[in-house]
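Just data.pdb here, PDB, C-alpha atoms:
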ATOM      1  CA  MET N  96     198.415  61.070  49.339
ATOM      2  CA  THR N  97     196.419  60.136  46.349
ATOM      3  CA  LYS N  98     193.012  61.692  45.786
ATOM      4  CA  GLY N  99     191.395  58.313  46.375
ATOM      5  CA  ALA N 100     192.981  57.965  49.766
ATOM      6  CA  VAL N 101     191.856  61.436  50.824
ATOM      7  CA  ALA N 102     188.302  60.735  49.756
ATOM      8  CA  ALA N 103     188.263  57.523  51.720
ATOM      9  CA  ILE N 104     189.509  59.262  54.860
ATOM     10  CA  VAL N 105     186.803  61.986  54.527
ATOM     11  CA  ALA N 106     184.075  59.400  54.055
ATOM     12  CA  VAL N 107     185.173  57.503  57.134
ATOM     13  CA  THR N 108     185.285  60.730  59.180
ATOM     14  CA  VAL N 109     181.767  61.729  58.124
ATOM     15  CA  ALA N 110     180.481  58.270  59.002
ATOM     16  CA  VAL N 111     182.047  58.438  62.470
ATOM     17  CA  ILE N 112     180.512  61.858  63.117
ATOM     18  CA  ALA N 113     177.080  60.632  62.001
ATOM     19  CA  ILE N 114     177.288  57.582  64.242
ATOM     20  CA  ALA N 115     178.318  59.762  67.203
ATOM     21  CA  ALA N 116     175.449  62.194  66.598
ATOM     22  CA  PHE N 117     172.966  59.342  66.414
ATOM     23  CA  GLY N 118     174.287  57.993  69.698
ATOM     24  CA  VAL N 119     173.901  61.356  71.429
ATOM     25  CA  TRP N 120     170.304  61.646  70.194
ATOM     26  CA  TRP N 121     169.445  58.075  71.181
ATOM     27  CA  PHE N 122     170.868  58.138  74.662
ATOM     28  CA  VAL N 123     170.382  61.793  75.704
ATOM     29  CA  LEU N 124     168.120  64.006  73.638
ATOM     30  CA  ARG N 125     165.410  61.398  73.067
ATOM     31  CA  ASP N 126     164.913  60.881  76.843
ATOM     32  CA  ASP N 127     164.735  64.647  77.485
ATOM     33  CA  ALA N 128     162.090  65.067  74.772
ATOM     34  CA  SER N 129     160.019  62.230  76.262
ATOM     35  CA  ALA N 130     160.285  63.776  79.715
ATOM     36  CA  GLN N 131     159.136  67.128  78.399
ATOM     37  CA  SER N 132     156.249  65.492  76.549
ATOM     38  CA  GLY N 133     155.174  63.715  79.760
ATOM     39  CA  ALA N 134     155.201  67.011  81.701
ATOM     40  CA  VAL N 135     152.748  68.543  79.247
ATOM     41  CA  GLY N 136     150.490  65.501  79.212
ATOM     42  CA  THR N 137     148.371  63.905  81.965
ATOM     43  CA  PRO N 138     150.265  63.688  85.284
ATOM     44  CA  LEU N 139     151.099  60.133  86.231
ATOM     45  CA  SER N 140     150.816  60.773  89.940
ATOM     46  CA  GLY N 141     147.147  61.829  89.822
ATOM     47  CA  GLU N 142     147.942  65.134  91.602
ATOM     48  CA  SER N 143     146.537  68.407  90.264
ATOM     49  CA  SER N 144     148.644  70.015  87.615
ATOM     50  CA  GLU N 145     149.511  73.668  87.400
ATOM     51  CA  SER N 146     146.564  74.048  85.029
ATOM     52  CA  SER N 147     144.256  72.435  87.611
ATOM     53  CA  ASP N 148     145.594  74.760  90.303
ATOM     54  CA  SER N 149     144.672  77.680  88.092
ATOM     55  CA  ASN N 150     141.123  76.364  87.751
ATOM     56  CA  ASP N 151     140.896  75.893  91.505
ATOM     57  CA  ALA N 152     141.880  79.501  91.976
ATOM     58  CA  GLY N 153     139.148  80.467  89.550
ATOM     59  CA  ASP N 154     136.643  78.357  91.458
ATOM     60  CA  THR N 155     137.677  80.096  94.653
ATOM     61  CA  ALA N 156     137.182  83.461  93.007
ATOM     62  CA  ASP N 157     133.777  82.389  91.723
ATOM     63  CA  SER N 158     132.818  81.307  95.226
ATOM     64  CA  GLY N 159     133.897  84.667  96.540
ATOM     65  CA  ASP N 160     131.856  86.403  93.828
ATOM     66  CA  ALA N 161     128.797  84.420  94.853
ATOM     67  CA  ASP N 162     129.307  85.530  98.441
ATOM     68  CA  ALA N 163     129.735  89.116  97.301
ATOM     69  CA  ARG N 164     126.422  88.940  95.478
ATOM     70  CA  GLY N 165     124.639  88.505  98.757
ATOM     71  CA  HIS N 166     125.662  85.617 100.998
ATOM     72  CA  ALA N 167     128.141  86.377 103.743
ATOM     73  CA  SER N 168     130.760  83.614 104.027
ATOM     74  CA  ALA N 169     131.927  82.377 107.411
ATOM     75  CA  GLY N 170     135.332  83.949 106.960
ATOM     76  CA  ASP N 171     134.227  87.307 105.561
ATOM     77  CA  LYS N 172     131.623  89.207 107.591
ATOM     78  CA  SER N 173     132.100  92.368 105.523
ATOM     79  CA  ARG N 174     130.120  91.041 102.575
ATOM     80  CA  THR N 175     126.543  92.267 102.071
ATOM     81  CA  ALA N 176     123.880  89.811 103.231
ATOM     82  CA  VAL N 177     120.791  88.904 101.250
ATOM     83  CA  CYS N 178     118.045  91.179 102.609
ATOM     84  CA  ALA N 179     114.651  89.515 102.277
ATOM     85  CA  VAL N 180     111.330  91.340 102.593
ATOM     86  CA  PRO N 181     111.291  92.495 106.220
ATOM     87  CA  ASP N 182     108.465  92.258 108.715
ATOM     88  CA  ALA N 183     106.946  95.623 109.615
ATOM     89  CA  SER N 184     104.918  97.168 112.419
ATOM     90  CA  LEU N 185     103.362 100.582 112.992
ATOM     91  CA  SER N 186     104.783 102.564 115.900
ATOM     92  CA  ASP N 187     103.132 105.969 115.351
ATOM     93  CA  VAL N 188     100.941 108.050 113.045
ATOM     94  CA  ARG N 189     100.688 111.821 112.782
ATOM     95  CA  LEU N 190      99.549 114.538 110.393
ATOM     96  CA  ASP N 191     101.787 116.901 108.421
ATOM     97  CA  GLY N 192      99.552 119.335 106.545
ATOM     98  CA  THR N 193      97.060 116.971 104.938
ATOM     99  CA  SER N 194      99.514 114.046 104.671
ATOM    100  CA  LEU N 195      99.470 111.045 106.977
ATOM    101  CA  ILE N 196     102.945 110.237 108.298
ATOM    102  CA  ALA N 197     103.419 106.662 109.465
ATOM    103  CA  SER N 198     106.461 105.682 111.517
ATOM    104  CA  VAL N 199     107.195 102.063 110.641
ATOM    105  CA  ASP N 200     109.593  99.651 112.346
ATOM    106  CA  PHE N 201     111.190  96.943 110.177
ATOM    107  CA  GLU N 202     112.774  93.683 111.294
ATOM    108  CA  SER N 203     114.636  90.993 109.361
ATOM    109  CA  GLU N 204     117.356  88.602 110.538
ATOM    110  CA  SER N 205     118.472  88.169 106.933
ATOM    111  CA  CYS N 206     119.190  91.890 106.563
ATOM    112  CA  GLY N 207     121.708  92.007 109.399
ATOM    113  CA  ASP N 208     123.635  95.264 108.999
ATOM    114  CA  SER N 209     122.845  95.664 105.297
ATOM    115  CA  SER N 210     120.343  97.725 103.275
ATOM    116  CA  TYR N 211     116.941  96.956 101.805
ATOM    117  CA  SER N 212     116.620  98.821  98.511
ATOM    118  CA  ALA N 213     113.841  97.125  96.548
ATOM    119  CA  ALA N 214     111.668  99.210  94.230
ATOM    120  CA  GLY N 215     107.912  98.850  93.778
ATOM    121  CA  VAL N 216     107.112  97.821  97.363
ATOM    122  CA  GLN N 217     103.472  98.244  98.367
ATOM    123  CA  VAL N 218     103.047  99.135 102.030
ATOM    124  CA  THR N 219      99.523  98.466 103.302
ATOM    125  CA  ILE N 220      98.318  99.425 106.778
ATOM    126  CA  GLN N 221      95.187  97.825 108.207
ATOM    127  CA  ASP N 222      93.221  98.598 111.353
ATOM    128  CA  ASP N 223      90.185  96.613 112.513
ATOM    129  CA  GLY N 224      90.489  94.562 109.321
ATOM    130  CA  ASN N 225      90.108  97.639 107.095
ATOM    131  CA  VAL N 226      92.786  99.055 104.822
ATOM    132  CA  VAL N 227      93.473 102.537 106.197
ATOM    133  CA  ALA N 228      96.538 103.406 104.095
ATOM    134  CA  ALA N 229      98.331 101.994 101.058
ATOM    135  CA  ALA N 230     100.989 103.296  98.684
ATOM    136  CA  ILE N 231     103.910 101.969  96.638
ATOM    137  CA  TYR N 232     107.446 103.018  97.601
ATOM    138  CA  ASP N 233     110.813 102.915  95.886
ATOM    139  CA  PHE N 234     113.330 102.045  98.583
ATOM    140  CA  GLY N 235     116.061 102.353  95.966
ATOM    141  CA  ASP N 236     115.704 106.114  96.426
ATOM    142  CA  ALA N 237     115.855 105.851 100.219
ATOM    143  CA  PRO N 238     117.144 102.404 101.292
ATOM    144  CA  LEU N 239     116.213 101.018 104.673
ATOM    145  CA  GLU N 240     119.483 100.876 106.624
ATOM    146  CA  PHE N 241     119.444  97.901 108.985
ATOM    147  CA  ASP N 242     121.396  97.680 112.215
ATOM    148  CA  ASP N 243     121.481  94.193 113.703
ATOM    149  CA  GLY N 244     118.340  93.250 111.765
ATOM    150  CA  THR N 245     116.199  96.302 112.573
ATOM    151  CA  ALA N 246     115.410  99.566 110.775
ATOM    152  CA  GLN N 247     112.931 102.437 110.973
ATOM    153  CA  ALA N 248     111.437 104.802 108.395
ATOM    154  CA  ASP N 249     108.746 107.468 108.108
ATOM    155  CA  LEU N 250     106.370 107.006 105.163
ATOM    156  CA  ALA N 251     104.046 109.724 103.842
ATOM    157  CA  PHE N 252     100.547 109.041 102.473
ATOM    158  CA  THR N 253      98.577 111.639 100.507
ATOM    159  CA  THR N 254      94.810 112.131 100.926
ATOM    160  CA  VAL N 255      94.137 109.551  98.184
ATOM    161  CA  GLN N 256      96.464 107.070  99.878
ATOM    162  CA  TYR N 257      94.892 106.877 103.341
ATOM    163  CA  TRP N 258      91.292 106.322 104.403
ATOM    164  CA  ARG N 259      90.918 107.179 108.071
ATOM    165  CA  PRO N 260      91.772 110.269 110.135
ATOM    166  CA  TYR N 261      95.211 109.845 111.681
ATOM    167  CA  ASP N 262      93.945 110.143 115.285
ATOM    168  CA  GLN N 263      91.402 107.374 114.697
ATOM    169  CA  ILE N 264      94.063 104.834 113.675
ATOM    170  CA  ASP N 265      95.131 102.602 116.568
ATOM    171  CA  ALA N 266      98.863 102.095 115.979
ATOM    172  CA  SER N 267      99.043  99.398 118.637
ATOM    173  CA  ASN N 268      96.349  97.400 116.870
ATOM    174  CA  ALA N 269      97.282  98.094 113.248
ATOM    175  CA  SER N 270      99.165  95.672 110.997
ATOM    176  CA  VAL N 271     101.610  96.486 108.197
ATOM    177  CA  GLU N 272     102.202  94.335 105.121
ATOM    178  CA  LEU N 273     104.923  94.697 102.470
ATOM    179  CA  ILE N 274     104.461  93.300  98.948
ATOM    180  CA  GLU N 275     107.251  93.509  96.375
ATOM    181  CA  ASP N 276     106.893  94.016  92.588
ATOM    182  CA  ALA N 277     103.697  96.063  92.930
ATOM    183  CA  THR N 278     102.533  98.137  89.968
ATOM    184  CA  ALA N 279     102.292 101.839  90.753
ATOM    185  CA  SER N 280      99.659 104.159  89.330
ATOM    186  CA  GLY N 281     101.608 107.287  88.404
ATOM    187  CA  ALA N 282     104.742 108.765  89.910
ATOM    188  CA  SER N 283     105.704 108.874  93.570
ATOM    189  CA  ALA N 284     104.548 111.834  95.621
ATOM    190  CA  ALA N 285     107.158 114.190  97.011
ATOM    191  CA  ALA N 286     108.680 113.596 100.420
ATOM    192  CA  VAL N 287     106.934 115.331 103.320
ATOM    193  CA  GLY N 288     109.065 116.578 106.200
ATOM    194  CA  GLY N 289     111.655 113.896 105.567
ATOM    195  CA  ALA N 290     109.063 111.125 105.171
ATOM    196  CA  LEU N 291     109.346 109.129 101.936
ATOM    197  CA  GLY N 292     106.523 109.724  99.467
ATOM    198  CA  GLY N 293     104.890 106.898  97.527
ATOM    199  CA  ALA N 294     102.895 106.303  94.361
ATOM    200  CA  ASN N 295      99.193 105.487  94.217
ATOM    201  CA  VAL N 296      97.832 101.967  94.192
ATOM    202  CA  ALA N 297      95.345 101.057  91.444
ATOM    203  CA  ASP N 298      92.403 103.446  90.993
ATOM    204  CA  THR N 299      89.924 100.615  91.542
ATOM    205  CA  ASP N 300      91.512  99.886  94.917
ATOM    206  CA  ILE N 301      91.428 103.567  95.922
ATOM    207  CA  GLU N 302      87.718 103.747  95.096
ATOM    208  CA  ARG N 303      86.970 100.537  97.020
ATOM    209  CA  TYR N 304      88.943 101.568 100.096
ATOM    210  CA  ALA N 305      87.282 104.997 100.091
ATOM    211  CA  GLN N 306      83.779 103.496  99.951
ATOM    212  CA  LEU N 307      84.555 101.169 102.861
ATOM    213  CA  ALA N 308      86.082 104.063 104.803
ATOM    214  CA  MET N 309      82.943 106.154 104.307
ATOM    215  CA  SER N 310      80.773 103.431 105.819
ATOM    216  CA  TRP N 311      83.129 103.127 108.776
ATOM    217  CA  GLN N 312      83.217 106.912 109.235
ATOM    218  CA  LEU N 313      79.416 107.274 109.209
ATOM    219  CA  ASP N 314      79.123 104.741 112.022
ATOM    220  CA  HIS N 315      82.001 106.229 113.964
ATOM    221  CA  ASP N 316      80.787 109.849 113.830
ATOM    222  CA  LYS N 317      77.123 109.223 114.565
ATOM    223  CA  THR N 318      77.407 109.593 118.329
ATOM    224  CA  ALA N 319      79.285 112.897 118.115
ATOM    225  CA  ALA N 320      76.814 114.224 115.543
ATOM    226  CA  ASN N 321      73.871 113.617 117.892
ATOM    227  CA  ALA N 322      75.128 116.505 120.033
ATOM    228  CA  PHE N 323      73.932 118.929 117.350
ATOM    229  CA  TYR N 324      70.250 118.139 117.786
ATOM    230  CA  SER N 325      70.158 120.856 120.428
ATOM    231  CA  THR N 326      72.812 123.270 119.193
ATOM    232  CA  PHE N 327      74.152 124.619 115.913
ATOM    233  CA  THR N 328      77.185 123.691 113.823
ATOM    234  CA  THR N 329      78.212 124.450 110.245
ATOM    235  CA  GLN N 330      77.852 122.344 107.133
ATOM    236  CA  LEU N 331      80.981 122.426 104.961
ATOM    237  CA  SER N 332      79.990 120.145 102.106
ATOM    238  CA  SER N 333      77.082 118.121 100.749
ATOM    239  CA  LYS N 334      77.817 115.647  97.927
ATOM    240  CA  GLN N 335      76.184 112.727  96.135
ATOM    241  CA  TYR N 336      77.982 109.917  94.332
ATOM    242  CA  GLY N 337      78.031 110.733  90.608
ATOM    243  CA  MET N 338      77.208 114.394  91.218
ATOM    244  CA  GLN N 339      78.647 116.741  88.574
ATOM    245  CA  VAL N 340      79.781 119.902  90.278
ATOM    246  CA  GLU N 341      82.953 121.929  90.741
ATOM    247  CA  GLY N 342      84.301 120.730  87.412
ATOM    248  CA  LYS N 343      84.192 116.973  87.997
ATOM    249  CA  THR N 344      82.017 113.947  88.593
ATOM    250  CA  TRP N 345      82.266 113.028  92.257
ATOM    251  CA  GLU N 346      83.189 109.468  93.137
ATOM    252  CA  TYR N 347      83.680 107.899  96.548
ATOM    253  CA  ARG N 348      87.394 108.704  96.481
ATOM    254  CA  ASP N 349      86.639 112.394  95.871
ATOM    255  CA  ILE N 350      84.018 112.631  98.598
ATOM    256  CA  TYR N 351      86.194 110.984 101.227
ATOM    257  CA  GLU N 352      89.287 112.907 100.180
ATOM    258  CA  GLN N 353      87.395 116.158 100.726
ATOM    259  CA  PHE N 354      86.428 114.958 104.188
ATOM    260  CA  LEU N 355      90.088 114.246 105.049
ATOM    261  CA  GLN N 356      91.096 117.685 103.762
ATOM    262  CA  ARG N 357      88.412 119.412 105.825
ATOM    263  CA  ARG N 358      89.269 117.408 108.902
ATOM    264  CA  ALA N 359      92.950 118.282 108.583
ATOM    265  CA  LYS N 360      91.825 121.906 108.873
ATOM    266  CA  HIS N 361      89.041 121.335 111.439
ATOM    267  CA  PRO N 362      89.912 118.472 113.843
ATOM    268  CA  ASN N 363      86.279 118.190 115.033
ATOM    269  CA  ALA N 364      84.859 117.650 111.536
ATOM    270  CA  LEU N 365      82.215 114.933 111.196
ATOM    271  CA  PHE N 366      80.970 112.799 108.314
ATOM    272  CA  ILE N 367      77.227 112.023 108.247
ATOM    273  CA  TRP N 368      74.507 110.661 105.950
ATOM    274  CA  SER N 369      71.800 113.277 105.519
ATOM    275  CA  GLY N 370      68.968 110.726 105.518
ATOM    276  CA  ASP N 371      69.646 109.904 109.169
ATOM    277  CA  TYR N 372      68.649 113.357 110.504
ATOM    278  CA  PRO N 373      65.314 115.221 110.712
ATOM    279  CA  THR N 374      66.568 118.555 109.349
ATOM    280  CA  TYR N 375      67.425 116.929 106.005
ATOM    281  CA  GLN N 376      64.408 114.656 106.006
ATOM    282  CA  GLU N 377      62.129 117.690 106.231
ATOM    283  CA  ASN N 378      63.588 119.383 103.160
ATOM    284  CA  GLY N 379      63.901 116.189 101.095
ATOM    285  CA  THR N 380      67.690 116.084 100.847
ATOM    286  CA  THR N 381      68.107 112.612 102.304
ATOM    287  CA  ASP N 382      70.713 111.080  99.995
ATOM    288  CA  PHE N 383      73.807 113.212 100.544
ATOM    289  CA  TYR N 384      77.120 112.699 102.246
ATOM    290  CA  VAL N 385      77.554 115.719 104.504
ATOM    291  CA  ILE N 386      80.648 117.153 106.156
ATOM    292  CA  LEU N 387      80.069 119.142 109.347
ATOM    293  CA  SER N 388      82.728 121.334 110.931
ATOM    294  CA  GLY N 389      81.839 119.898 114.335
ATOM    295  CA  GLU N 390      82.159 123.345 115.911
ATOM    296  CA  GLY N 391      79.329 124.175 118.306
ATOM    297  CA  PHE N 392      77.441 127.515 118.354
ATOM    298  CA  GLY N 393      74.665 128.869 120.534
ATOM    299  CA  SER N 394      72.791 130.438 117.615
ATOM    300  CA  ALA N 395      72.451 130.254 113.853
ATOM    301  CA  ALA N 396      73.861 133.786 113.611
ATOM    302  CA  ASP N 397      77.045 132.796 115.392
ATOM    303  CA  ALA N 398      77.420 129.758 113.135
ATOM    304  CA  THR N 399      76.833 131.845 110.015
ATOM    305  CA  ALA N 400      79.478 134.386 111.085
ATOM    306  CA  TRP N 401      82.003 131.585 111.549
ATOM    307  CA  CYS N 402      81.907 130.708 107.835
ATOM    308  CA  PRO N 403      83.512 133.839 106.281
ATOM    309  CA  ALA N 404      85.837 134.136 109.267
ATOM    310  CA  ASN N 405      87.287 130.765 108.235
ATOM    311  CA  GLY N 406      87.450 131.476 104.527
ATOM    312  CA  TYR N 407      84.174 129.900 103.372
ATOM    313  CA  SER N 408      81.523 131.441 101.159
ATOM    314  CA  THR N 409      77.791 131.016 101.735
ATOM    315  CA  ASP N 410      77.794 128.511  98.868
ATOM    316  CA  ASP N 411      80.095 126.195 100.842
ATOM    317  CA  CYS N 412      79.192 126.867 104.467
ATOM    318  CA  ILE N 413      75.838 127.266 106.210
ATOM    319  CA  ALA N 414      74.526 127.099 109.774
ATOM    320  CA  VAL N 415      72.686 123.888 110.570
ATOM    321  CA  ASP N 416      71.240 121.853 113.415
ATOM    322  CA  LEU N 417      70.190 118.245 112.974
ATOM    323  CA  GLN N 418      66.795 118.375 114.706
TER     324      GLN N 418
END

With the file now loaded, output its structure as structure tokens.
Amino acid sequence: MTKGAVAAIVAVTVAVIAIAAFGVWWFVLRDDASAQSGAVGTPLSGESSESSDSNDAGDTADSGDADARGHASAGDKSRTAVCAVPDASLSDVRLDGTSLIASVDFESESCGDSSYSAAGVQVTIQDDGNVVAAAIYDFGDAPLEFDDGTAQADLAFTTVQYWRPYDQIDASNASVELIEDATASGASAAAVGGALGGANVADTDIERYAQLAMSWQLDHDKTAANAFYSTFTTQLSSKQYGMQVEGKTWEYRDIYEQFLQRRAKHPNALFIWSGDYPTYQENGTTDFYVILSGEGFGSAADATAWCPANGYSTDDCIAVDLQ
């Protein structure tokens, strides 16, 4: 064959192949590409795509996370419930050394079987409308463990955190209030016999509560003090507000704290105002807060002998009658 004929045959063959390839693309490959493009784009049916299903799963996980942060879902009772500030009531008070130990019952439907672990919670106990104890506790250190919405804890109060002898607090009449986000004055006191220790409330509050407690104590102890018109007892302290002695200036908080310390040692101790009694009126010492041991003696000599036998010097302890 001539070269021209061969070239013509090759050209025709190439043209046929090109036409066939174009036909395959037009009728087959083009439709597949369009179908694939439609699968990636917006679904025509309106049903959720695989991408939407993934988002739904994420939403479900988020919902579960929200439950886990505090709200128990209907289908998962194991999650921790939100534990709001519980109600509280006083069931008992007792003394451990010089510390007041208050047994407190807590109740909260929202707590269920979970824990209450808030920090900076002020617990205030009132009796007859007077604050008789107050301190700030960190329940993060010792969470309240609730069982079916109830819990119990023993709380310790130091002698600058309570303002009435333990056996003069009526637990059945007292009220207990919890306030969150309270500001503590100093660090928490150590635990006492398993009872959680707390930090002081503000100094101004301690001074105010002590002054009110002193007025209450003077009225309360007056009847018992009248018994010593005809017999002897011992005087354990005599202090004035603002008095500078024993290395400090005495404020109401100091005077009442000393009374609580003496009474922890001598359960019959009494708190009186010197101006109310003849023995002090006669010698001109009528403006002192006085602590009496409350122990009765038949003679001044017996009362005087009691002082060193109980660890007191003659500077701190003297025989006295109130007549």

### Query
Which distance in Å separates atom CA of N:Trp345 and atom CA of N:Phe366, to one decimal?
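It comes out at 16.1 Å.
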
So that each row is one residue of stretch 286-344 of chain N with an atom at most 8 Å from stretch 247-250 of chain N, can you give its shortest atom pair and the distance in Å to one decimal, using only C-alpha atoms, rows by chain and rising number, as CSV?
residue,atom,partner,partner_atom,distance
N:Gly289,CA,N:Asp249,CA,7.5
N:Ala290,CA,N:Asp249,CA,4.7
N:Leu291,CA,N:Leu250,CA,4.9
N:Gly292,CA,N:Leu250,CA,6.3
N:Gly293,CA,N:Leu250,CA,7.8

### Message
Since I can't run it myself right now, could you work out what the PyMOL selection byres ((chain N and resi 296) around 12) selects here and report it as an MDAnalysis selection string?
### Response
chainID N and resid 215:219 228:232 252:253 255:257 274 277:283 293:295 297:304

#### Entry: Explicit residue set for the PyMOL selection byres ((chain N and resi 336) around 9), as JSON, numbers by chain
{"N": [334, 335, 337, 338, 339, 344, 345, 346, 347, 350, 383, 384]}

Selection file, C-alpha atoms, as a PDB file, in the coordinates of the input:
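And here's result17.pdb as it stands now:
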ATOM      1  CA  LYS N 334      77.817 115.647  97.927  1.00  0.00           C
ATOM      2  CA  GLN N 335      76.184 112.727  96.135  1.00  0.00           C
ATOM      3  CA  GLY N 337      78.031 110.733  90.608  1.00  0.00           C
ATOM      4  CA  MET N 338      77.208 114.394  91.218  1.00  0.00           C
ATOM      5  CA  GLN N 339      78.647 116.741  88.574  1.00  0.00           C
ATOM      6  CA  THR N 344      82.017 113.947  88.593  1.00  0.00           C
ATOM      7  CA  TRP N 345      82.266 113.028  92.257  1.00  0.00           C
ATOM      8  CA  GLU N 346      83.189 109.468  93.137  1.00  0.00           C
ATOM      9  CA  TYR N 347      83.680 107.899  96.548  1.00  0.00           C
ATOM     10  CA  ILE N 350      84.018 112.631  98.598  1.00  0.00           C
ATOM     11  CA  PHE N 383      73.807 113.212 100.544  1.00  0.00           C
ATOM     12  CA  TYR N 384      77.120 112.699 102.246  1.00  0.00           C
TER      13      TYR N 384
END

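The residues caught by the PyMOL selection byres ((chain N and resi 329) around 10) in this file are Phe323, Phe327, Thr328, Gln330, Leu331, Ser332, Ala364, Ile386, Leu387, Ser388, Gly389, Glu390, Gly391, Phe392, Ala395, Asp397, Ala398, Thr399, Trp401, Cys402, Asp411, Cys412, Ile413, Ala414, Val415 and Asp416 of chain N.
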
### Task
Please measure the separation of atom CA of N:Tyr211 and atom CA of N:Gly224, giving the value in Å to one decimal.
27.6 Å

#### Entry: Gap from atom CA of N:His361 to atom CA of N:Ala404 - Å, one decimal
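Rounded to one decimal, the two atoms are 13.4 Å apart.
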
### Message
Given all atoms listed in the file as the basis, pick out the residue of N:Gly207, N:Pro181, N:Gly406, N:Pro373 nearest to N:Tyr324.
### Response
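Among the listed residues, N:Pro373 lies closest to N:Tyr324.
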